[in-house]
$ cat input37.cif   # mmCIF, C-alpha atoms
data_work
#
loop_
_atom_site.group_PDB
_atom_site.id
_atom_site.type_symbol
_atom_site.label_atom_id
_atom_site.label_comp_id
_atom_site.auth_asym_id
_atom_site.auth_seq_id
_atom_site.Cartn_x
_atom_site.Cartn_y
_atom_site.Cartn_z
ATOM 1 C CA MET A 1 -71.124 10.662 -1.107
ATOM 2 C CA SER A 2 -69.709 9.259 2.095
ATOM 3 C CA SER A 3 -68.930 5.969 0.388
ATOM 4 C CA ASP A 4 -67.002 7.806 -2.329
ATOM 5 C CA LEU A 5 -65.100 9.688 0.309
ATOM 6 C CA SER A 6 -64.230 6.562 2.274
ATOM 7 C CA LYS A 7 -63.130 4.842 -0.944
ATOM 8 C CA ALA A 8 -60.898 7.780 -1.817
ATOM 9 C CA ILE A 9 -59.381 7.723 1.657
ATOM 10 C CA GLU A 10 -58.834 3.992 1.385
ATOM 11 C CA ASN A 11 -57.067 4.466 -1.930
ATOM 12 C CA LEU A 12 -54.896 7.167 -0.442
ATOM 13 C CA ILE A 13 -53.736 5.197 2.569
ATOM 14 C CA SER A 14 -53.336 1.865 0.803
ATOM 15 C CA ASP A 15 -50.014 0.823 -0.678
ATOM 16 C CA GLU A 16 -51.624 -1.815 -2.789
ATOM 17 C CA GLN A 17 -52.482 0.294 -5.808
ATOM 18 C CA ASP A 18 -49.515 -0.667 -7.950
ATOM 19 C CA VAL A 19 -49.553 -4.349 -7.216
ATOM 20 C CA ARG A 20 -50.657 -6.760 -9.883
ATOM 21 C CA ALA A 21 -53.803 -8.699 -9.165
ATOM 22 C CA ALA A 22 -53.812 -12.310 -8.140
ATOM 23 C CA THR A 23 -53.683 -14.155 -11.414
ATOM 24 C CA SER A 24 -52.872 -17.692 -10.378
ATOM 25 C CA PRO A 25 -54.925 -20.108 -8.273
ATOM 26 C CA TYR A 26 -52.169 -20.428 -5.694
ATOM 27 C CA GLN A 27 -52.250 -16.696 -5.102
ATOM 28 C CA ALA A 28 -55.915 -16.934 -4.181
ATOM 29 C CA GLU A 29 -55.257 -19.950 -1.972
ATOM 30 C CA PHE A 30 -52.502 -18.330 0.051
ATOM 31 C CA PRO A 31 -53.642 -14.977 1.391
ATOM 32 C CA TYR A 32 -50.255 -13.403 1.920
ATOM 33 C CA GLU A 33 -50.160 -9.675 2.408
ATOM 34 C CA ARG A 34 -50.182 -7.852 -0.902
ATOM 35 C CA ASP A 35 -48.181 -4.997 0.606
ATOM 36 C CA GLU A 36 -45.309 -7.346 1.301
ATOM 37 C CA GLU A 37 -45.187 -8.451 -2.289
ATOM 38 C CA ALA A 38 -44.875 -4.836 -3.363
ATOM 39 C CA GLN A 39 -41.753 -4.231 -1.310
ATOM 40 C CA VAL A 40 -39.276 -5.450 -3.938
ATOM 41 C CA THR A 41 -40.068 -5.490 -7.609
ATOM 42 C CA ARG A 42 -38.164 -7.422 -10.250
ATOM 43 C CA ARG A 43 -36.686 -4.221 -11.564
ATOM 44 C CA GLU A 44 -35.431 -3.181 -8.134
ATOM 45 C CA PHE A 45 -33.960 -6.611 -7.535
ATOM 46 C CA CYS A 46 -32.268 -6.456 -10.933
ATOM 47 C CA ASN A 47 -30.773 -3.053 -10.057
ATOM 48 C CA PHE A 48 -29.584 -4.419 -6.745
ATOM 49 C CA LEU A 49 -27.886 -7.382 -8.424
ATOM 50 C CA VAL A 50 -26.035 -5.161 -10.888
ATOM 51 C CA LEU A 51 -24.906 -2.852 -8.086
ATOM 52 C CA THR A 52 -23.735 -5.892 -6.122
ATOM 53 C CA SER A 53 -21.825 -7.120 -9.153
ATOM 54 C CA THR A 54 -20.135 -3.725 -9.456
ATOM 55 C CA ALA A 55 -19.261 -3.698 -5.772
ATOM 56 C CA LEU A 56 -17.800 -7.210 -5.949
ATOM 57 C CA PHE A 57 -15.662 -6.285 -8.960
ATOM 58 C CA VAL A 58 -14.419 -3.093 -7.332
ATOM 59 C CA GLY A 59 -13.744 -4.989 -4.115
ATOM 60 C CA ALA A 60 -11.745 -7.730 -5.833
ATOM 61 C CA ALA A 61 -9.733 -5.224 -7.873
ATOM 62 C CA GLY A 62 -9.098 -2.916 -4.931
ATOM 63 C CA PHE A 63 -8.110 -5.661 -2.527
ATOM 64 C CA SER A 64 -5.780 -7.236 -5.086
ATOM 65 C CA ALA A 65 -4.170 -3.903 -5.947
ATOM 66 C CA LYS A 66 -3.604 -3.026 -2.303
ATOM 67 C CA ALA A 67 -2.138 -6.461 -1.544
ATOM 68 C CA ALA A 68 0.215 -6.252 -4.523
ATOM 69 C CA ILE A 69 1.340 -2.703 -3.661
ATOM 70 C CA ASP A 70 1.921 -3.597 -0.021
ATOM 71 C CA ALA A 71 3.959 -6.639 -1.044
ATOM 72 C CA SER A 72 6.124 -4.597 -3.398
ATOM 73 C CA LYS A 73 7.235 -2.319 -0.543
ATOM 74 C CA THR A 74 10.217 -3.609 1.413
ATOM 75 C CA PRO A 75 10.416 -1.763 4.705
ATOM 76 C CA VAL A 76 13.870 -1.178 6.153
ATOM 77 C CA LEU A 77 13.898 -2.470 9.710
ATOM 78 C CA PRO A 78 16.464 -1.447 12.337
ATOM 79 C CA PRO A 79 18.703 -4.204 13.757
ATOM 80 C CA MET A 80 17.707 -5.363 17.216
ATOM 81 C CA PRO A 81 19.699 -7.565 19.606
ATOM 82 C CA ILE A 82 17.889 -10.686 20.785
ATOM 83 C CA ASP A 83 18.330 -10.959 24.532
ATOM 84 C CA GLY A 84 19.338 -14.379 25.803
ATOM 85 C CA ALA A 85 20.088 -15.796 22.383
ATOM 86 C CA ALA A 86 23.752 -16.442 23.078
ATOM 87 C CA GLU A 87 22.927 -18.523 26.145
ATOM 88 C CA LEU A 88 20.274 -20.565 24.362
ATOM 89 C CA GLN A 89 20.850 -24.307 24.596
ATOM 90 C CA ALA A 90 20.757 -26.519 21.518
ATOM 91 C CA GLY A 91 17.248 -27.868 20.976
ATOM 92 C CA ALA A 92 15.551 -24.907 22.644
ATOM 93 C CA ALA A 93 13.735 -21.743 21.627
ATOM 94 C CA ILE A 94 12.915 -18.297 22.989
ATOM 95 C CA ASN A 95 10.332 -15.745 22.067
ATOM 96 C CA PHE A 96 11.034 -12.125 21.251
ATOM 97 C CA HIS A 97 9.351 -9.202 19.512
ATOM 98 C CA TYR A 98 10.491 -8.004 16.110
ATOM 99 C CA PRO A 99 9.700 -5.627 14.535
ATOM 100 C CA GLY A 100 7.770 -3.623 17.107
ATOM 101 C CA ASP A 101 5.228 -5.785 18.873
ATOM 102 C CA GLU A 102 5.227 -8.597 16.311
ATOM 103 C CA THR A 103 5.927 -11.836 18.121
ATOM 104 C CA ALA A 104 8.766 -14.022 16.852
ATOM 105 C CA ILE A 105 10.549 -17.190 17.868
ATOM 106 C CA LEU A 106 14.257 -17.937 17.792
ATOM 107 C CA VAL A 107 15.124 -21.619 17.518
ATOM 108 C CA ARG A 108 18.500 -23.182 18.143
ATOM 109 C CA ALA A 109 18.505 -26.527 16.438
ATOM 110 C CA LYS A 110 20.175 -29.615 17.870
ATOM 111 C CA ASP A 111 23.191 -29.025 15.605
ATOM 112 C CA GLY A 112 23.632 -25.552 17.128
ATOM 113 C CA THR A 113 22.412 -23.421 14.202
ATOM 114 C CA TYR A 114 20.045 -20.515 14.776
ATOM 115 C CA ALA A 115 16.891 -19.682 12.877
ATOM 116 C CA ALA A 116 14.187 -17.136 13.631
ATOM 117 C CA PHE A 117 10.624 -16.894 12.377
ATOM 118 C CA GLY A 118 7.480 -14.921 12.939
ATOM 119 C CA GLN A 119 5.429 -16.731 15.534
ATOM 120 C CA LYS A 120 2.086 -16.363 13.814
ATOM 121 C CA CYS A 121 0.946 -19.486 12.002
ATOM 122 C CA THR A 122 0.236 -18.658 8.367
ATOM 123 C CA HIS A 123 -3.068 -20.496 8.564
ATOM 124 C CA LEU A 124 -5.048 -18.494 11.129
ATOM 125 C CA SER A 125 -2.350 -16.648 13.094
ATOM 126 C CA CYS A 126 -2.187 -18.925 16.139
ATOM 127 C CA PRO A 127 1.228 -18.793 17.873
ATOM 128 C CA VAL A 128 3.516 -21.669 16.927
ATOM 129 C CA HIS A 129 5.805 -23.329 19.470
ATOM 130 C CA TYR A 130 8.992 -25.337 19.201
ATOM 131 C CA ALA A 131 8.480 -29.085 19.651
ATOM 132 C CA LYS A 132 11.845 -30.329 20.860
ATOM 133 C CA ASP A 133 11.057 -34.026 20.433
ATOM 134 C CA HIS A 134 10.295 -33.660 16.739
ATOM 135 C CA ASP A 135 12.613 -30.708 16.098
ATOM 136 C CA ARG A 136 9.915 -28.695 14.379
ATOM 137 C CA LEU A 137 7.568 -25.780 14.963
ATOM 138 C CA GLU A 138 3.990 -26.808 15.609
ATOM 139 C CA CYS A 139 0.717 -24.955 15.617
ATOM 140 C CA PRO A 140 -1.625 -26.330 18.303
ATOM 141 C CA CYS A 141 -4.805 -24.850 16.827
ATOM 142 C CA HIS A 142 -5.162 -26.892 13.627
ATOM 143 C CA GLU A 143 -2.134 -29.177 13.786
ATOM 144 C CA GLY A 144 0.124 -27.445 11.322
ATOM 145 C CA GLY A 145 3.827 -28.204 11.318
ATOM 146 C CA PHE A 146 6.849 -26.226 10.081
ATOM 147 C CA ASP A 147 10.482 -27.081 9.582
ATOM 148 C CA ALA A 148 12.540 -25.601 12.433
ATOM 149 C CA LYS A 149 15.430 -24.624 10.162
ATOM 150 C CA THR A 150 13.623 -23.238 7.116
ATOM 151 C CA GLY A 151 10.089 -22.503 8.309
ATOM 152 C CA ALA A 152 8.665 -24.508 5.398
ATOM 153 C CA VAL A 153 5.315 -26.210 5.832
ATOM 154 C CA LEU A 154 5.714 -29.883 6.732
ATOM 155 C CA TYR A 155 2.056 -30.792 7.130
ATOM 156 C CA GLY A 156 -1.330 -29.384 7.989
ATOM 157 C CA PRO A 157 -3.427 -26.513 6.668
ATOM 158 C CA PRO A 158 -0.926 -23.591 6.588
ATOM 159 C CA PRO A 159 -0.738 -22.305 2.999
ATOM 160 C CA ARG A 160 2.783 -20.842 3.119
ATOM 161 C CA PRO A 161 5.975 -20.893 5.210
ATOM 162 C CA LEU A 162 6.422 -18.876 8.373
ATOM 163 C CA ASP A 163 7.730 -15.335 7.984
ATOM 164 C CA LYS A 164 11.508 -15.522 8.074
ATOM 165 C CA ILE A 165 13.470 -13.213 10.347
ATOM 166 C CA ASP A 166 16.986 -12.530 9.156
ATOM 167 C CA ILE A 167 19.582 -12.796 11.905
ATOM 168 C CA GLU A 168 23.233 -11.805 12.083
ATOM 169 C CA THR A 169 25.905 -12.355 14.707
ATOM 170 C CA HIS A 170 28.161 -9.519 15.847
ATOM 171 C CA ASN A 171 30.657 -10.056 18.662
ATOM 172 C CA GLY A 172 28.764 -13.074 19.949
ATOM 173 C CA GLN A 173 25.470 -11.167 20.076
ATOM 174 C CA ILE A 174 22.647 -12.242 17.763
ATOM 175 C CA TYR A 175 20.680 -9.490 16.022
ATOM 176 C CA ALA A 176 17.418 -9.563 14.156
ATOM 177 C CA VAL A 177 17.958 -7.445 11.049
ATOM 178 C CA GLY A 178 14.941 -8.009 8.801
ATOM 179 C CA ARG A 179 11.675 -9.798 8.302
ATOM 180 C CA GLU A 180 10.682 -11.535 5.077
ATOM 181 C CA VAL A 181 7.159 -12.575 4.144
ATOM 182 C CA ARG A 182 7.312 -15.567 1.839
ATOM 183 C CA GLY A 183 4.765 -17.046 -0.520
ATOM 184 C CA SER A 184 3.882 -20.658 -1.076
ATOM 185 C CA GLU A 185 6.311 -20.844 -4.041
ATOM 186 C CA VAL A 186 9.278 -20.693 -1.654
ATOM 187 C CA MET B 1 -68.122 -10.336 13.872
ATOM 188 C CA LYS B 2 -67.410 -10.734 10.189
ATOM 189 C CA PHE B 3 -64.094 -11.959 8.813
ATOM 190 C CA GLU B 4 -62.785 -10.858 5.471
ATOM 191 C CA THR B 5 -62.456 -13.774 3.109
ATOM 192 C CA THR B 6 -59.629 -14.241 0.660
ATOM 193 C CA GLU B 7 -61.991 -13.654 -2.212
ATOM 194 C CA LEU B 8 -63.118 -10.316 -0.807
ATOM 195 C CA ARG B 9 -59.572 -9.288 -0.102
ATOM 196 C CA TYR B 10 -58.526 -9.822 -3.715
ATOM 197 C CA LYS B 11 -61.533 -7.976 -5.009
ATOM 198 C CA ARG B 12 -60.211 -4.846 -3.303
ATOM 199 C CA VAL B 13 -57.003 -4.971 -5.305
ATOM 200 C CA PRO B 14 -57.338 -3.247 -8.656
ATOM 201 C CA ALA B 15 -56.706 -5.693 -11.441
ATOM 202 C CA LYS B 16 -53.729 -5.053 -13.643
ATOM 203 C CA ALA B 17 -52.775 -6.975 -16.752
ATOM 204 C CA PRO B 18 -50.184 -9.633 -15.911
ATOM 205 C CA LEU B 19 -46.945 -9.758 -17.797
ATOM 206 C CA PRO B 20 -47.140 -11.760 -21.018
ATOM 207 C CA ARG B 21 -45.600 -15.152 -20.559
ATOM 208 C CA GLY B 22 -42.618 -14.426 -22.824
ATOM 209 C CA ARG B 23 -41.716 -11.195 -21.087
ATOM 210 C CA ALA B 24 -41.970 -12.792 -17.670
ATOM 211 C CA ALA B 25 -39.673 -15.591 -18.802
ATOM 212 C CA VAL B 26 -37.102 -13.109 -20.051
ATOM 213 C CA TRP B 27 -37.253 -11.205 -16.772
ATOM 214 C CA GLN B 28 -36.815 -14.397 -14.800
ATOM 215 C CA ALA B 29 -33.897 -15.439 -17.002
ATOM 216 C CA ARG B 30 -32.203 -12.065 -16.490
ATOM 217 C CA LEU B 31 -32.575 -12.338 -12.741
ATOM 218 C CA VAL B 32 -31.317 -15.913 -12.631
ATOM 219 C CA LEU B 33 -28.289 -15.035 -14.740
ATOM 220 C CA LEU B 34 -27.498 -12.018 -12.582
ATOM 221 C CA VAL B 35 -27.768 -14.096 -9.416
ATOM 222 C CA MET B 36 -25.413 -16.713 -10.859
ATOM 223 C CA ILE B 37 -22.925 -14.029 -11.905
ATOM 224 C CA ASN B 38 -23.074 -12.551 -8.404
ATOM 225 C CA LEU B 39 -22.338 -15.960 -6.901
ATOM 226 C CA ALA B 40 -19.391 -16.419 -9.263
ATOM 227 C CA GLN B 41 -18.055 -13.001 -8.307
ATOM 228 C CA LEU B 42 -18.396 -13.823 -4.624
ATOM 229 C CA TRP B 43 -16.303 -16.941 -5.204
ATOM 230 C CA ILE B 44 -13.737 -14.914 -7.165
ATOM 231 C CA LEU B 45 -13.501 -12.336 -4.389
ATOM 232 C CA SER B 46 -12.945 -15.009 -1.750
ATOM 233 C CA ALA B 47 -10.312 -16.655 -3.965
ATOM 234 C CA ALA B 48 -8.570 -13.288 -4.399
ATOM 235 C CA VAL B 49 -8.512 -12.718 -0.642
ATOM 236 C CA ASP B 50 -7.188 -16.235 -0.139
ATOM 237 C CA ALA B 51 -4.459 -15.725 -2.755
ATOM 238 C CA ALA B 52 -3.442 -12.338 -1.343
ATOM 239 C CA LEU B 53 -3.189 -13.665 2.210
ATOM 240 C CA GLY B 54 -1.193 -16.626 0.915
ATOM 241 C CA HIS B 55 1.123 -14.251 -1.000
ATOM 242 C CA GLU B 56 0.323 -15.986 -4.279
ATOM 243 C CA PHE B 57 0.219 -12.774 -6.252
ATOM 244 C CA ARG B 58 0.382 -14.436 -9.667
ATOM 245 C CA HIS B 59 -3.229 -15.556 -9.151
ATOM 246 C CA LEU B 60 -4.567 -12.076 -8.498
ATOM 247 C CA LEU B 61 -4.581 -10.653 -12.020
ATOM 248 C CA PRO B 62 -6.519 -13.559 -13.597
ATOM 249 C CA LEU B 63 -9.035 -13.377 -10.761
ATOM 250 C CA VAL B 64 -9.549 -9.635 -11.203
ATOM 251 C CA ILE B 65 -9.934 -10.092 -14.959
ATOM 252 C CA ALA B 66 -12.498 -12.840 -14.391
ATOM 253 C CA SER B 67 -14.422 -10.590 -12.011
ATOM 254 C CA GLY B 68 -14.309 -7.797 -14.599
ATOM 255 C CA VAL B 69 -15.658 -10.105 -17.304
ATOM 256 C CA CYS B 70 -18.492 -11.117 -14.980
ATOM 257 C CA TRP B 71 -19.241 -7.461 -14.319
ATOM 258 C CA LEU B 72 -19.279 -6.668 -18.049
ATOM 259 C CA ILE B 73 -21.702 -9.537 -18.637
ATOM 260 C CA SER B 74 -24.001 -8.350 -15.862
ATOM 261 C CA VAL B 75 -23.926 -4.780 -17.184
ATOM 262 C CA SER B 76 -24.676 -5.996 -20.706
ATOM 263 C CA ILE B 77 -27.593 -8.034 -19.372
ATOM 264 C CA PHE B 78 -28.845 -5.019 -17.471
ATOM 265 C CA PHE B 79 -28.613 -2.487 -20.285
ATOM 266 C CA TRP B 80 -29.020 -4.396 -23.529
ATOM 267 C CA TRP B 81 -30.660 -7.722 -22.896
ATOM 268 C CA LYS B 82 -34.293 -6.816 -22.504
ATOM 269 C CA PRO B 83 -37.518 -8.360 -23.725
ATOM 270 C CA VAL B 84 -38.600 -6.964 -27.087
ATOM 271 C CA GLY B 85 -41.725 -4.824 -27.210
ATOM 272 C CA SER B 86 -45.083 -6.253 -28.158
ATOM 273 C CA ARG B 87 -44.921 -4.690 -31.651
ATOM 274 C CA GLN B 88 -41.630 -6.305 -32.520
ATOM 275 C CA SER B 89 -42.642 -9.629 -31.015
ATOM 276 C CA GLY B 90 -45.969 -9.547 -32.888
ATOM 277 C CA SER B 91 -44.307 -9.205 -36.272
ATOM 278 C CA ALA B 92 -41.786 -11.935 -35.568
#

$ encode --input "input37.cif" --output "structure tokens"
Amino acid sequence: MSSDLSKAIENLISDEQDVRAATSPYQAEFPYERDEEAQVTRREFCNFLVLTSTALFVGAAGFSAKAAIDASKTPVLPPMPIDGAAELQAGAAINFHYPGDETAILVRAKDGTYAAFGQKCTHLSCPVHYAKDHDRLECPCHEGGFDAKTGAVLYGPPPRPLDKIDIETHNGQIYAVGREVRGSEV
Amino acid sequence: MKFETTELRYKRVPAKAPLPRGRAAVWQARLVLLVMINLAQLWILSAAVDAALGHEFRHLLPLVIASGVCWLISVSIFFWWKPVGSRQSGSA
């Protein structure tokens, strides 16, 4: 009677009731815990894979849709004077913020023309700096280089040109009037 | 002190009929295919993120379509591609 009772208790507290028996020689050789094998069944794993597939599809579609919608919006930015731009020497650059707290760089090339770009490298967002000797914008993190007049990629890992900041001159004062994000087709 | 041997341990486990070899193979094939589809979808998702950050929007639609095709295949495997029952397989 007591043995029946202890067997019933053992059956109640054991998780091993629904596990298939060891059918191969290697299963007898390696005494891994049977409870561990019961944690994930093939069916559960199959369900998990299909749910993962659904999540990956939804993620790809959602991310793509959001990126496309965001790119289709063209925000209207207020003009902002760039302090110190008029006094900038040829072959020099200054940093400013436009729009808001976004860092940007204004370059005055050796021929006296101005150009302004977002300062974040399009590779991994390191700040670019103006290299006077080579007359180009360089990223120190992964050795990317950009043209100082157009912002186009000259070499290195950046996938697309720097963001272009539109500038206008009014009464000798230089204003930033817009910011353009460009793709690799530019 | 007496240690429980492997043999004794397995005797405690109630025996259950193993899956027939054909059914097990089909299950394994389903799982392998689903894993491969998941890997492909992971690659597609990373490519979509890369294209979006690079503002190459013309690549996004083909990538989403490819991910959708992968999802349809995985759903079809999950719902309709199952091992046949023993009766059907016996008559074949």

$ resolve_selection --input "input37.cif" --expression "the PyMOL selection byres ((chain A and resi 155) around 7)" --output "count of residues only"
6

$ closest_residue --input "input37.cif" --among "B:Val75, B:Leu45, B:Asp50, B:Trp80" --to "Leu63 in chain B" --atoms "only C-alpha atoms"
B:Leu45

$ resolve_selection --input "input37.cif" --expression "the PyMOL selection byres ((chain A and resi 60) around 12)" --output "PyMOL selection string"
(chain A and resi 53-59+61-67) or (chain B and resi 41-52+60-68+70-71)

$ write_last_selection --input "input37.cif" --atoms "C-alpha atoms" --output "PDB file, in the coordinates of the input"
ATOM      1  CA  SER A  53     -21.825  -7.120  -9.153  1.00  0.00           C
ATOM      2  CA  THR A  54     -20.135  -3.725  -9.456  1.00  0.00           C
ATOM      3  CA  ALA A  55     -19.261  -3.698  -5.772  1.00  0.00           C
ATOM      4  CA  LEU A  56     -17.800  -7.210  -5.949  1.00  0.00           C
ATOM      5  CA  PHE A  57     -15.662  -6.285  -8.960  1.00  0.00           C
ATOM      6  CA  VAL A  58     -14.419  -3.093  -7.332  1.00  0.00           C
ATOM      7  CA  GLY A  59     -13.744  -4.989  -4.115  1.00  0.00           C
ATOM      8  CA  ALA A  61      -9.733  -5.224  -7.873  1.00  0.00           C
ATOM      9  CA  GLY A  62      -9.098  -2.916  -4.931  1.00  0.00           C
ATOM     10  CA  PHE A  63      -8.110  -5.661  -2.527  1.00  0.00           C
ATOM     11  CA  SER A  64      -5.780  -7.236  -5.086  1.00  0.00           C
ATOM     12  CA  ALA A  65      -4.170  -3.903  -5.947  1.00  0.00           C
ATOM     13  CA  LYS A  66      -3.604  -3.026  -2.303  1.00  0.00           C
ATOM     14  CA  ALA A  67      -2.138  -6.461  -1.544  1.00  0.00           C
TER      15      ALA A  67
ATOM     16  CA  GLN B  41     -18.055 -13.001  -8.307  1.00  0.00           C
ATOM     17  CA  LEU B  42     -18.396 -13.823  -4.624  1.00  0.00           C
ATOM     18  CA  TRP B  43     -16.303 -16.941  -5.204  1.00  0.00           C
ATOM     19  CA  ILE B  44     -13.737 -14.914  -7.165  1.00  0.00           C
ATOM     20  CA  LEU B  45     -13.501 -12.336  -4.389  1.00  0.00           C
ATOM     21  CA  SER B  46     -12.945 -15.009  -1.750  1.00  0.00           C
ATOM     22  CA  ALA B  47     -10.312 -16.655  -3.965  1.00  0.00           C
ATOM     23  CA  ALA B  48      -8.570 -13.288  -4.399  1.00  0.00           C
ATOM     24  CA  VAL B  49      -8.512 -12.718  -0.642  1.00  0.00           C
ATOM     25  CA  ASP B  50      -7.188 -16.235  -0.139  1.00  0.00           C
ATOM     26  CA  ALA B  51      -4.459 -15.725  -2.755  1.00  0.00           C
ATOM     27  CA  ALA B  52      -3.442 -12.338  -1.343  1.00  0.00           C
ATOM     28  CA  LEU B  60      -4.567 -12.076  -8.498  1.00  0.00           C
ATOM     29  CA  LEU B  61      -4.581 -10.653 -12.020  1.00  0.00           C
ATOM     30  CA  PRO B  62      -6.519 -13.559 -13.597  1.00  0.00           C
ATOM     31  CA  LEU B  63      -9.035 -13.377 -10.761  1.00  0.00           C
ATOM     32  CA  VAL B  64      -9.549  -9.635 -11.203  1.00  0.00           C
ATOM     33  CA  ILE B  65      -9.934 -10.092 -14.959  1.00  0.00           C
ATOM     34  CA  ALA B  66     -12.498 -12.840 -14.391  1.00  0.00           C
ATOM     35  CA  SER B  67     -14.422 -10.590 -12.011  1.00  0.00           C
ATOM     36  CA  GLY B  68     -14.309  -7.797 -14.599  1.00  0.00           C
ATOM     37  CA  CYS B  70     -18.492 -11.117 -14.980  1.00  0.00           C
ATOM     38  CA  TRP B  71     -19.241  -7.461 -14.319  1.00  0.00           C
TER      39      TRP B  71
END

$ atom_distance --input "input37.cif" --atom1 "CA of Ile73 in chain B" --atom2 "CA of Arg23 in chain B"
20.2 Å

$ resolve_selection --input "input37.cif" --expression "the PyMOL selection byres ((chain A and resi 107-123) around 8)" --output "ChimeraX atom specification"
/A:88-94,102-106,124-130,135,139,148-151,157-167 /B:54

$ write_last_selection --input "input37.cif" --atoms "C-alpha atoms" --output "JSON list (two decimals), keeping the file's coordinate frame"
[["chain", "number", "residue", "atom", "x", "y", "z"],
["A", 88, "LEU", "CA", 20.27, -20.56, 24.36],
["A", 89, "GLN", "CA", 20.85, -24.31, 24.60],
["A", 90, "ALA", "CA", 20.76, -26.52, 21.52],
["A", 91, "GLY", "CA", 17.25, -27.87, 20.98],
["A", 92, "ALA", "CA", 15.55, -24.91, 22.64],
["A", 93, "ALA", "CA", 13.74, -21.74, 21.63],
["A", 94, "ILE", "CA", 12.92, -18.30, 22.99],
["A", 102, "GLU", "CA", 5.23, -8.60, 16.31],
["A", 103, "THR", "CA", 5.93, -11.84, 18.12],
["A", 104, "ALA", "CA", 8.77, -14.02, 16.85],
["A", 105, "ILE", "CA", 10.55, -17.19, 17.87],
["A", 106, "LEU", "CA", 14.26, -17.94, 17.79],
["A", 124, "LEU", "CA", -5.05, -18.49, 11.13],
["A", 125, "SER", "CA", -2.35, -16.65, 13.09],
["A", 126, "CYS", "CA", -2.19, -18.92, 16.14],
["A", 127, "PRO", "CA", 1.23, -18.79, 17.87],
["A", 128, "VAL", "CA", 3.52, -21.67, 16.93],
["A", 129, "HIS", "CA", 5.80, -23.33, 19.47],
["A", 130, "TYR", "CA", 8.99, -25.34, 19.20],
["A", 135, "ASP", "CA", 12.61, -30.71, 16.10],
["A", 139, "CYS", "CA", 0.72, -24.96, 15.62],
["A", 148, "ALA", "CA", 12.54, -25.60, 12.43],
["A", 149, "LYS", "CA", 15.43, -24.62, 10.16],
["A", 150, "THR", "CA", 13.62, -23.24, 7.12],
["A", 151, "GLY", "CA", 10.09, -22.50, 8.31],
["A", 157, "PRO", "CA", -3.43, -26.51, 6.67],
["A", 158, "PRO", "CA", -0.93, -23.59, 6.59],
["A", 159, "PRO", "CA", -0.74, -22.30, 3.00],
["A", 160, "ARG", "CA", 2.78, -20.84, 3.12],
["A", 161, "PRO", "CA", 5.98, -20.89, 5.21],
["A", 162, "LEU", "CA", 6.42, -18.88, 8.37],
["A", 163, "ASP", "CA", 7.73, -15.34, 7.98],
["A", 164, "LYS", "CA", 11.51, -15.52, 8.07],
["A", 165, "ILE", "CA", 13.47, -13.21, 10.35],
["A", 166, "ASP", "CA", 16.99, -12.53, 9.16],
["A", 167, "ILE", "CA", 19.58, -12.80, 11.90],
["B", 54, "GLY", "CA", -1.19, -16.63, 0.92]]

$ closest_residue --input "input37.cif" --among "A:Asp70, A:Glu168, A:Glu44, A:Asp147" --to "His134 in chain A" --atoms "all atoms listed in the file"
A:Asp147

$ closest_residue --input "input37.cif" --among "B:Phe57, B:Phe79, B:Val69, B:Leu39" --to "Ala71 in chain A" --atoms "all atoms listed in the file"
B:Phe57

$ residues_near_point --input "input37.cif" --point "(8.8, -1.1, 5.8)" --cutoff "10 Å" --atoms "only C-alpha atoms" --output "JSON, numbers by chain"
{"A": [70, 73, 74, 75, 76, 77, 99, 178, 179]}

$ residues_around --input "input37.cif" --residues "range 30-36 of chain B" --least-positions-apart "2" --cutoff "8 Å" --atoms "all atoms listed in the file" --output "mmCIF file with C-alpha atoms, in the coordinates of the input"
data_model
loop_
_atom_site.group_PDB
_atom_site.id
_atom_site.type_symbol
_atom_site.label_atom_id
_atom_site.label_comp_id
_atom_site.auth_asym_id
_atom_site.auth_seq_id
_atom_site.Cartn_x
_atom_site.Cartn_y
_atom_site.Cartn_z
ATOM 1 C CA ARG A 42 -38.164 -7.422 -10.250
ATOM 2 C CA PHE A 45 -33.960 -6.611 -7.535
ATOM 3 C CA CYS A 46 -32.268 -6.456 -10.933
ATOM 4 C CA LEU A 49 -27.886 -7.382 -8.424
ATOM 5 C CA VAL A 50 -26.035 -5.161 -10.888
ATOM 6 C CA VAL B 26 -37.102 -13.109 -20.051
ATOM 7 C CA TRP B 27 -37.253 -11.205 -16.772
ATOM 8 C CA GLN B 28 -36.815 -14.397 -14.800
ATOM 9 C CA ASN B 38 -23.074 -12.551 -8.404
ATOM 10 C CA LEU B 39 -22.338 -15.960 -6.901
ATOM 11 C CA ALA B 40 -19.391 -16.419 -9.263
ATOM 12 C CA SER B 74 -24.001 -8.350 -15.862
ATOM 13 C CA ILE B 77 -27.593 -8.034 -19.372
ATOM 14 C CA PHE B 78 -28.845 -5.019 -17.471
ATOM 15 C CA TRP B 81 -30.660 -7.722 -22.896
#

$ atom_distance --input "input37.cif" --atom1 "CA of Glu56 in chain B" --atom2 "CA of Gly183 in chain A"
5.9 Å

$ atom_distance --input "input37.cif" --atom1 "CA of Ile82 in chain A" --atom2 "CA of Phe96 in chain A"
7.0 Å
